[in-house]
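Next comes query-v1.cif, with mmCIF, C-alpha atoms.
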data_data
loop_
_atom_site.label_atom_id
_atom_site.label_comp_id
_atom_site.auth_asym_id
_atom_site.auth_seq_id
_atom_site.Cartn_x
_atom_site.Cartn_y
_atom_site.Cartn_z
CA MET S 1 14.65 -1.51 -5.95
CA SER S 2 14.14 -4.49 -3.69
CA LYS S 3 13.48 -3.95 0.01
CA LYS S 4 15.08 -6.29 2.50
CA ASP S 5 12.90 -9.40 2.96
CA SER S 6 10.69 -8.30 0.05
CA ARG S 7 9.56 -10.98 -2.39
CA LEU S 8 9.33 -8.39 -5.14
CA GLN S 9 11.55 -6.26 -7.31
CA ILE S 10 9.86 -2.88 -7.67
CA ASP S 11 10.91 -0.22 -10.17
CA LYS S 12 9.33 3.06 -11.21
CA ASP S 13 9.04 3.84 -14.89
CA GLY S 14 7.53 7.34 -14.94
CA GLU S 15 4.01 6.93 -13.58
CA ILE S 16 4.14 3.17 -13.98
CA THR S 17 5.27 0.84 -11.23
CA ARG S 18 6.97 -2.29 -12.56
CA ILE S 19 6.83 -5.30 -10.28
CA SER S 20 8.75 -8.55 -10.72
CA PHE S 21 8.65 -11.63 -8.55
CA LEU S 22 11.84 -12.85 -6.90
CA ASP S 23 10.34 -16.33 -6.36
CA ARG S 24 10.10 -18.91 -9.12
CA ASN S 25 7.21 -20.63 -7.36
CA ILE S 26 4.30 -18.60 -6.06
CA LEU S 27 2.68 -21.37 -4.10
CA GLU S 28 3.18 -20.89 -0.38
CA GLU S 29 0.34 -19.12 1.31
CA ALA S 30 2.55 -17.01 3.57
CA ASN S 31 4.56 -15.77 0.58
CA ILE S 32 1.40 -15.06 -1.41
CA GLN S 33 0.00 -13.08 1.51
CA GLN S 34 3.21 -11.06 1.74
CA ILE S 35 3.18 -10.37 -2.00
CA GLY S 36 -0.47 -9.29 -1.79
CA ASP S 37 0.26 -6.99 1.16
CA GLU S 38 3.28 -5.40 -0.56
CA ILE S 39 1.33 -4.69 -3.74
CA ALA S 40 -1.70 -3.45 -1.78
CA GLN S 41 0.59 -0.89 -0.10
CA ILE S 42 1.74 0.38 -3.48
CA ILE S 43 -1.88 0.70 -4.62
CA ASP S 44 -2.90 2.47 -1.41
CA GLN S 45 -0.07 4.99 -1.79
CA SER S 46 -1.01 5.97 -5.33
CA PRO S 47 -4.04 8.08 -6.31
CA ASN S 48 -3.99 6.56 -9.81
CA PRO S 49 -2.17 3.22 -9.63
CA ARG S 50 -0.60 1.94 -12.85
CA LEU S 51 0.98 -1.41 -12.23
CA LEU S 52 2.83 -3.75 -14.55
CA ILE S 53 3.48 -7.20 -13.07
CA ASN S 54 6.24 -9.13 -14.80
CA PHE S 55 6.03 -12.93 -14.52
CA ALA S 56 9.35 -13.62 -16.23
CA GLN S 57 10.80 -15.64 -13.33
CA VAL S 58 7.63 -17.53 -12.43
CA GLU S 59 7.42 -21.26 -13.09
CA HIS S 60 4.54 -22.30 -10.82
CA LEU S 61 1.61 -20.57 -9.23
CA SER S 62 -1.42 -21.71 -7.29
CA SER S 63 -5.07 -20.74 -7.24
CA ALA S 64 -4.29 -18.76 -4.06
CA ALA S 65 -1.87 -16.66 -6.11
CA LEU S 66 -4.58 -16.15 -8.74
CA GLY S 67 -6.91 -15.07 -5.94
CA THR S 68 -4.40 -12.48 -4.79
CA LEU S 69 -4.03 -11.17 -8.35
CA ILE S 70 -7.80 -10.82 -8.58
CA THR S 71 -7.90 -8.91 -5.29
CA ILE S 72 -5.12 -6.63 -6.58
CA ASN S 73 -7.06 -6.09 -9.82
CA ASN S 74 -10.23 -5.27 -7.88
CA LYS S 75 -8.38 -2.72 -5.72
CA ILE S 76 -6.81 -1.06 -8.76
CA ARG S 77 -10.15 -0.86 -10.55
CA GLN S 78 -11.77 0.70 -7.49
CA LYS S 79 -9.21 3.50 -7.72
CA GLY S 80 -9.62 3.89 -11.48
CA GLY S 81 -6.11 2.55 -12.09
CA GLN S 82 -4.66 0.13 -14.61
CA LEU S 83 -3.03 -3.28 -14.25
CA ARG S 84 -1.05 -5.15 -16.88
CA LEU S 85 0.59 -8.58 -16.72
CA SER S 86 3.48 -9.60 -18.93
CA ASN S 87 6.08 -12.29 -19.75
CA ILE S 88 3.90 -15.18 -18.61
CA ASP S 89 5.36 -18.62 -19.28
CA PRO S 90 3.17 -20.68 -21.67
CA GLN S 91 2.37 -23.28 -18.99
CA ILE S 92 1.29 -20.58 -16.57
CA TYR S 93 -0.63 -18.78 -19.29
CA GLU S 94 -2.60 -21.99 -19.79
CA VAL S 95 -3.71 -21.72 -16.15
CA PHE S 96 -5.08 -18.25 -16.95
CA VAL S 97 -6.86 -19.65 -20.02
CA ILE S 98 -8.38 -22.62 -18.15
CA THR S 99 -9.70 -20.32 -15.43
CA LYS S 100 -10.70 -17.75 -18.09
CA LEU S 101 -8.73 -15.13 -16.20
CA ASN S 102 -7.07 -14.20 -19.48
CA LYS S 103 -10.37 -12.38 -20.09
CA LEU S 104 -10.17 -10.50 -16.81
CA PHE S 105 -6.54 -9.41 -17.00
CA GLN S 106 -4.75 -7.51 -19.73
CA ILE S 107 -1.89 -9.84 -20.52
CA HIS S 108 0.99 -8.89 -22.83
CA GLU S 109 3.77 -10.95 -24.30
CA ASN S 110 6.57 -8.66 -23.16
CA LEU S 111 7.32 -5.58 -21.09
CA GLU S 112 7.54 -3.27 -24.09
CA GLN S 113 4.04 -4.13 -25.31
CA ALA S 114 2.66 -3.92 -21.79
CA LEU S 115 4.20 -0.49 -21.20
CA LYS S 116 2.81 0.80 -24.50
CA SER S 117 -0.69 -0.36 -23.56
CA PHE S 118 -1.11 2.03 -20.62
CA LYS S 119 -3.52 4.86 -21.36
CA MET A 1 4.79 -56.53 -12.45
CA GLY A 2 3.12 -56.19 -9.03
CA ARG A 3 1.20 -53.31 -7.62
CA PRO A 4 3.29 -50.24 -6.95
CA ARG A 5 4.26 -49.61 -3.35
CA VAL A 6 1.98 -47.21 -1.51
CA TYR A 7 3.75 -44.58 0.61
CA THR A 8 2.04 -42.72 3.43
CA MET A 9 2.79 -39.29 4.86
CA VAL A 10 0.92 -37.64 7.71
CA ILE A 11 1.42 -33.90 8.06
CA ALA A 12 0.13 -31.31 10.50
CA SER A 13 -2.25 -28.76 9.03
CA ARG A 14 0.36 -26.14 8.21
CA LEU A 15 0.60 -24.74 4.71
CA SER A 16 4.38 -24.74 5.06
CA ALA A 17 4.23 -28.57 5.13
CA ILE A 18 2.90 -28.75 1.56
CA THR A 19 6.32 -28.47 -0.05
CA GLN A 20 7.70 -31.58 1.66
CA VAL A 21 4.79 -33.68 0.39
CA VAL A 22 5.05 -32.36 -3.15
CA GLU A 23 8.79 -32.95 -3.22
CA ALA A 24 8.39 -36.48 -1.84
CA VAL A 25 5.89 -37.41 -4.56
CA MET A 26 7.96 -35.79 -7.29
CA ALA A 27 11.06 -37.62 -6.08
CA ARG A 28 9.24 -40.97 -6.39
CA ALA A 29 8.05 -40.01 -9.87
CA GLU A 30 11.46 -38.86 -11.03
CA PRO A 31 12.87 -42.28 -12.05
CA TYR A 32 9.88 -42.76 -14.37
CA HIS A 33 10.71 -39.64 -16.40
CA TYR A 34 7.27 -38.11 -16.61
CA GLY A 35 7.24 -35.24 -19.08
CA GLU A 36 7.44 -31.58 -18.15
CA ASN A 37 3.71 -31.00 -18.64
CA ALA A 38 2.81 -33.96 -16.43
CA ARG A 39 5.19 -32.80 -13.70
CA PHE A 40 3.74 -29.28 -13.87
CA ALA A 41 0.23 -30.76 -13.61
CA ILE A 42 1.05 -33.03 -10.67
CA ARG A 43 2.74 -30.24 -8.70
CA LEU A 44 -0.15 -27.88 -9.31
CA ALA A 45 -2.86 -30.43 -8.41
CA LEU A 46 -1.01 -31.57 -5.29
CA ASP A 47 -0.58 -28.02 -4.12
CA GLU A 48 -4.29 -27.32 -4.64
CA GLY A 49 -5.44 -30.56 -3.00
CA LEU A 50 -3.19 -30.14 0.03
CA SER A 51 -4.01 -26.47 0.39
CA ASN A 52 -7.75 -27.29 0.31
CA ALA A 53 -7.31 -30.03 2.92
CA ILE A 54 -5.37 -27.76 5.27
CA ARG A 55 -7.30 -24.52 4.80
CA HIS A 56 -10.86 -25.62 4.17
CA GLY A 57 -10.86 -29.18 5.57
CA ASN A 58 -8.87 -28.78 8.76
CA ARG A 59 -9.30 -25.00 9.02
CA ASN A 60 -5.54 -24.55 9.55
CA ASN A 61 -5.77 -26.39 12.89
CA PRO A 62 -2.27 -27.85 13.38
CA ARG A 63 -3.67 -30.45 15.79
CA LYS A 64 -5.54 -31.92 12.87
CA SER A 65 -3.58 -33.85 10.33
CA VAL A 66 -3.69 -34.53 6.63
CA THR A 67 -2.94 -38.06 5.47
CA VAL A 68 -1.40 -38.50 2.05
CA ARG A 69 -1.05 -41.87 0.35
CA TYR A 70 0.74 -42.06 -2.94
CA SER A 71 2.06 -44.57 -5.40
CA VAL A 72 3.88 -44.20 -8.66
CA ASN A 73 4.65 -46.50 -11.54
CA GLU A 74 5.43 -46.27 -15.22
CA GLN A 75 1.80 -45.63 -16.15
CA ARG A 76 0.48 -43.27 -13.52
CA VAL A 77 0.90 -41.23 -10.35
CA ARG A 78 -1.88 -41.66 -7.79
CA VAL A 79 -2.23 -39.53 -4.67
CA SER A 80 -5.02 -39.52 -2.12
CA ILE A 81 -5.31 -36.61 0.31
CA CYS A 82 -7.57 -36.96 3.35
CA ASP A 83 -8.32 -34.36 5.99
CA GLU A 84 -10.21 -34.50 9.27
CA GLY A 85 -12.83 -31.97 8.26
CA PRO A 86 -16.54 -32.55 7.66
CA GLY A 87 -16.03 -32.59 3.89
CA PHE A 88 -17.77 -30.58 1.22
CA THR A 89 -19.85 -31.03 -1.91
CA PRO A 90 -17.58 -30.39 -4.89
CA GLY A 91 -20.59 -29.76 -7.15
CA ALA A 92 -21.70 -26.88 -4.91
CA VAL A 93 -18.59 -24.80 -5.64
CA PRO A 94 -19.70 -21.93 -7.93
CA ASP A 95 -18.37 -22.03 -11.48
CA CYS A 96 -15.50 -19.56 -11.30
CA THR A 97 -15.30 -19.28 -15.10
CA LEU A 98 -18.71 -17.60 -15.38
CA GLU A 99 -18.31 -13.93 -16.14
CA GLU A 100 -20.11 -12.88 -12.95
CA ASN A 101 -17.66 -14.96 -10.88
CA LEU A 102 -14.40 -13.97 -12.57
CA CYS A 103 -13.70 -11.28 -9.96
CA ARG A 104 -14.16 -13.68 -7.03
CA PRO A 105 -10.77 -14.41 -5.52
CA GLY A 106 -11.50 -18.03 -4.50
CA GLY A 107 -12.97 -21.28 -5.79
CA ARG A 108 -10.46 -22.29 -8.48
CA GLY A 109 -8.61 -25.11 -6.73
CA VAL A 110 -10.93 -28.01 -7.57
CA MET A 111 -11.36 -26.75 -11.10
CA LEU A 112 -7.62 -26.65 -11.68
CA MET A 113 -7.15 -30.14 -10.26
CA LYS A 114 -9.80 -31.45 -12.65
CA ALA A 115 -8.28 -29.61 -15.59
CA TYR A 116 -4.78 -30.93 -15.02
CA MET A 117 -5.27 -34.47 -13.72
CA THR A 118 -6.58 -37.54 -15.56
CA SER A 119 -9.09 -38.15 -12.79
CA VAL A 120 -10.15 -36.43 -9.57
CA ARG A 121 -12.47 -38.35 -7.27
CA PHE A 122 -13.87 -37.35 -3.91
CA ASN A 123 -15.17 -39.79 -1.33
CA ALA A 124 -18.81 -39.56 -0.30
CA ALA A 125 -18.03 -37.36 2.71
CA GLY A 126 -15.97 -35.00 0.56
CA ASN A 127 -12.94 -34.96 2.88
CA CYS A 128 -10.77 -37.24 0.80
CA VAL A 129 -9.69 -36.67 -2.78
CA THR A 130 -7.85 -39.10 -5.04
CA LEU A 131 -5.83 -37.60 -7.87
CA VAL A 132 -4.54 -39.68 -10.75
CA LYS A 133 -2.26 -38.57 -13.53
CA LYS A 134 -1.80 -41.14 -16.27
CA ARG A 135 1.13 -40.99 -18.60
CA LYS A 136 0.06 -39.96 -22.07
CA PRO A 137 0.62 -42.79 -24.51
CA ALA A 138 3.56 -42.10 -26.77
CA ALA A 139 2.60 -40.83 -30.20
CA PRO A 140 2.58 -43.69 -32.72
CA ALA A 141 5.69 -43.89 -34.85
CA ALA A 142 5.20 -42.27 -38.24
CA ARG A 143 4.34 -44.84 -40.91
CA ARG A 144 6.82 -45.27 -43.64
CA PRO A 145 5.10 -44.10 -46.82
CA ARG A 146 4.53 -46.88 -49.33
CA GLY A 147 6.88 -46.76 -52.18
CA GLY A 148 8.60 -43.82 -50.62
CA ARG A 149 12.28 -43.37 -50.88
#
Now, as a test, write the supplied structure out as structure tokens.
Amino acid sequence: MSKKDSRLQIDKDGEITRISFLDRNILEEANIQQIGDEIAQIIDQSPNPRLLINFAQVEHLSSAALGTLITINNKIRQKGGQLRLSNIDPQIYEVFVITKLNKLFQIHENLEQALKSFK
Amino acid sequence: MGRPRVYTMVIASRLSAITQVVEAVMARAEPYHYGENARFAIRLALDEGLSNAIRHGNRNNPRKSVTVRYSVNEQRVRVSICDEGPGFTPGAVPDCTLEENLCRPGGRGVMLMKAYMTSVRFNAAGNCVTLVKKRKPAAPAARRPRGGR
């Protein structure tokens, strides 16, 4: 499912919401804000949010995008939910390693592993 | 070989203007065939530097401008980004990799620039940053083993 003007592809897989980015570059502030708002809505609507964010299309992202991911993670934690990231390109994964955010997020190589990891 | 030509772009403080600067620099670098990792690094650092100048330096005030000077040659890409803000002290930015700061949404831009570029220098006022990415020297050709066939 992809709403008109949405920057995300959103699918439900049982209790898990799978989110993919439609953009290859997550750099522009306005887009990042929109992505953050869309995901925040999903979190707000769920009593126990379980989100899997798929980075398969993503080639570039900025520190502002990382900031939005952290905010999303904080919101999910506040509600006792779970967040998983998957299919991160090696160059992008390096950004997570440099910033040590690979320690904050649960990152999985592929969707299957990420889906299995939900408790 | 003379000094490389220095190009100048002046943009209004709108985040939407970042793309045109990044693309202009990348287009000048293209004939020199910088590797994929270098191109990734330059794009990322430019985006961070320009975003900092617009958001933190000029506080998104479109009447204030950001001046970008860049030059490219075979050996390196150099870009300076100057805003009209009062500047900041890069050393005062909290270390975002400390465990207690991992959940803070901001403060990773300068760190990423430093991680990905060969050098990142701020002027004394802290409102002008110069980013340099040097081409990695090619790996030396493998020696032919003595007596090998």
Ile16 (chain S) environment, 8 Å, only C-alpha atoms, sequence neighbours closer than 4 positions dropped, as a count of residues only: 5
Give me, as a PyMOL selection string, the residues of chain A touching chain S, with the criterion being at most 7 Å (counting only C-alpha atoms). chain A and resi 15-16+44+48+97+102-103+105-106+108-109
Could you tell me how far CA of Asn48 (chain S) lies from CA of Lys119 (chain S), in Å and to one decimal? 11.7 Å
Residue contacts of Asn87 (chain S) (7 Å, all atoms listed in the file) excluding same-chain residues fewer than 3 positions away, as a list in words: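 With the cut-off at 7 Å, the set is Asn54, Phe55, Ala56, His108, Glu109, Asn110 and Leu111 of chain S.
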Expected file contents, prior selection, C-alpha atoms, as a CSV table (one decimal), in the coordinates of the input:
chain,number,residue,atom,x,y,z
S,54,ASN,CA,6.2,-9.1,-14.8
S,55,PHE,CA,6.0,-12.9,-14.5
S,56,ALA,CA,9.4,-13.6,-16.2
S,108,HIS,CA,1.0,-8.9,-22.8
S,109,GLU,CA,3.8,-11.0,-24.3
S,110,ASN,CA,6.6,-8.7,-23.2
S,111,LEU,CA,7.3,-5.6,-21.1
For this file, the PyMOL selection byres ((chain A and resi 117-134) around 9) selects which residues, as a PDB file with C-alpha atoms, in the coordinates of the input?
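What ended up in selection-v3.pdb:
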ATOM      1  CA  ALA A  38       2.810 -33.960 -16.430  1.00  0.00           C
ATOM      2  CA  ALA A  41       0.230 -30.760 -13.610  1.00  0.00           C
ATOM      3  CA  ILE A  42       1.050 -33.030 -10.670  1.00  0.00           C
ATOM      4  CA  ALA A  45      -2.860 -30.430  -8.410  1.00  0.00           C
ATOM      5  CA  LEU A  46      -1.010 -31.570  -5.290  1.00  0.00           C
ATOM      6  CA  GLY A  49      -5.440 -30.560  -3.000  1.00  0.00           C
ATOM      7  CA  ALA A  53      -7.310 -30.030   2.920  1.00  0.00           C
ATOM      8  CA  GLY A  57     -10.860 -29.180   5.570  1.00  0.00           C
ATOM      9  CA  GLU A  74       5.430 -46.270 -15.220  1.00  0.00           C
ATOM     10  CA  GLN A  75       1.800 -45.630 -16.150  1.00  0.00           C
ATOM     11  CA  ARG A  76       0.480 -43.270 -13.520  1.00  0.00           C
ATOM     12  CA  VAL A  77       0.900 -41.230 -10.350  1.00  0.00           C
ATOM     13  CA  ARG A  78      -1.880 -41.660  -7.790  1.00  0.00           C
ATOM     14  CA  VAL A  79      -2.230 -39.530  -4.670  1.00  0.00           C
ATOM     15  CA  SER A  80      -5.020 -39.520  -2.120  1.00  0.00           C
ATOM     16  CA  ILE A  81      -5.310 -36.610   0.310  1.00  0.00           C
ATOM     17  CA  CYS A  82      -7.570 -36.960   3.350  1.00  0.00           C
ATOM     18  CA  ASP A  83      -8.320 -34.360   5.990  1.00  0.00           C
ATOM     19  CA  GLU A  84     -10.210 -34.500   9.270  1.00  0.00           C
ATOM     20  CA  GLY A  85     -12.830 -31.970   8.260  1.00  0.00           C
ATOM     21  CA  PRO A  86     -16.540 -32.550   7.660  1.00  0.00           C
ATOM     22  CA  GLY A  87     -16.030 -32.590   3.890  1.00  0.00           C
ATOM     23  CA  PHE A  88     -17.770 -30.580   1.220  1.00  0.00           C
ATOM     24  CA  THR A  89     -19.850 -31.030  -1.910  1.00  0.00           C
ATOM     25  CA  PRO A  90     -17.580 -30.390  -4.890  1.00  0.00           C
ATOM     26  CA  VAL A 110     -10.930 -28.010  -7.570  1.00  0.00           C
ATOM     27  CA  LEU A 112      -7.620 -26.650 -11.680  1.00  0.00           C
ATOM     28  CA  MET A 113      -7.150 -30.140 -10.260  1.00  0.00           C
ATOM     29  CA  LYS A 114      -9.800 -31.450 -12.650  1.00  0.00           C
ATOM     30  CA  ALA A 115      -8.280 -29.610 -15.590  1.00  0.00           C
ATOM     31  CA  TYR A 116      -4.780 -30.930 -15.020  1.00  0.00           C
ATOM     32  CA  ARG A 135       1.130 -40.990 -18.600  1.00  0.00           C
ATOM     33  CA  LYS A 136       0.060 -39.960 -22.070  1.00  0.00           C
ATOM     34  CA  PRO A 137       0.620 -42.790 -24.510  1.00  0.00           C
TER      35      PRO A 137
END
Suppose a student applies the PyMOL selection byres ((chain A and resi 71) around 7) to this structure; what residues should they get, written as a PyMOL selection string? chain A and resi 4-7+70+72-73+77-79
Emit the selected residues as an mmCIF file, in the coordinates of the input, including C-alpha atoms.
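Output below, filename out_14.cif:
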data_model
loop_
_atom_site.group_PDB
_atom_site.id
_atom_site.type_symbol
_atom_site.label_atom_id
_atom_site.label_comp_id
_atom_site.auth_asym_id
_atom_site.auth_seq_id
_atom_site.Cartn_x
_atom_site.Cartn_y
_atom_site.Cartn_z
ATOM 1 C CA PRO A 4 3.290 -50.240 -6.950
ATOM 2 C CA ARG A 5 4.260 -49.610 -3.350
ATOM 3 C CA VAL A 6 1.980 -47.210 -1.510
ATOM 4 C CA TYR A 7 3.750 -44.580 0.610
ATOM 5 C CA TYR A 70 0.740 -42.060 -2.940
ATOM 6 C CA VAL A 72 3.880 -44.200 -8.660
ATOM 7 C CA ASN A 73 4.650 -46.500 -11.540
ATOM 8 C CA VAL A 77 0.900 -41.230 -10.350
ATOM 9 C CA ARG A 78 -1.880 -41.660 -7.790
ATOM 10 C CA VAL A 79 -2.230 -39.530 -4.670
#
Selection dump of the PyMOL selection byres ((chain S and resi 47) around 12), as a list in words: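 Checked against the file, the PyMOL selection byres ((chain S and resi 47) around 12) matches Glu15, Gln41, Ile42, Ile43, Asp44, Gln45, Ser46, Asn48, Pro49, Arg50, Lys75, Ile76, Arg77, Gln78, Lys79, Gly80, Gly81 and Gln82 of chain S.
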To one decimal in Å, tell me the separation between CA of Ala114 (chain S) and CA of Glu38 (chain S). 21.3 Å
Just want the 6 Å neighbourhood of Ile19 (chain S), counted on only C-alpha atoms, with same-chain residues fewer than 5 positions away dropped. Output as a list of chain:residue names. S:Gln9, S:Ile10, S:Ile53, S:Asn54
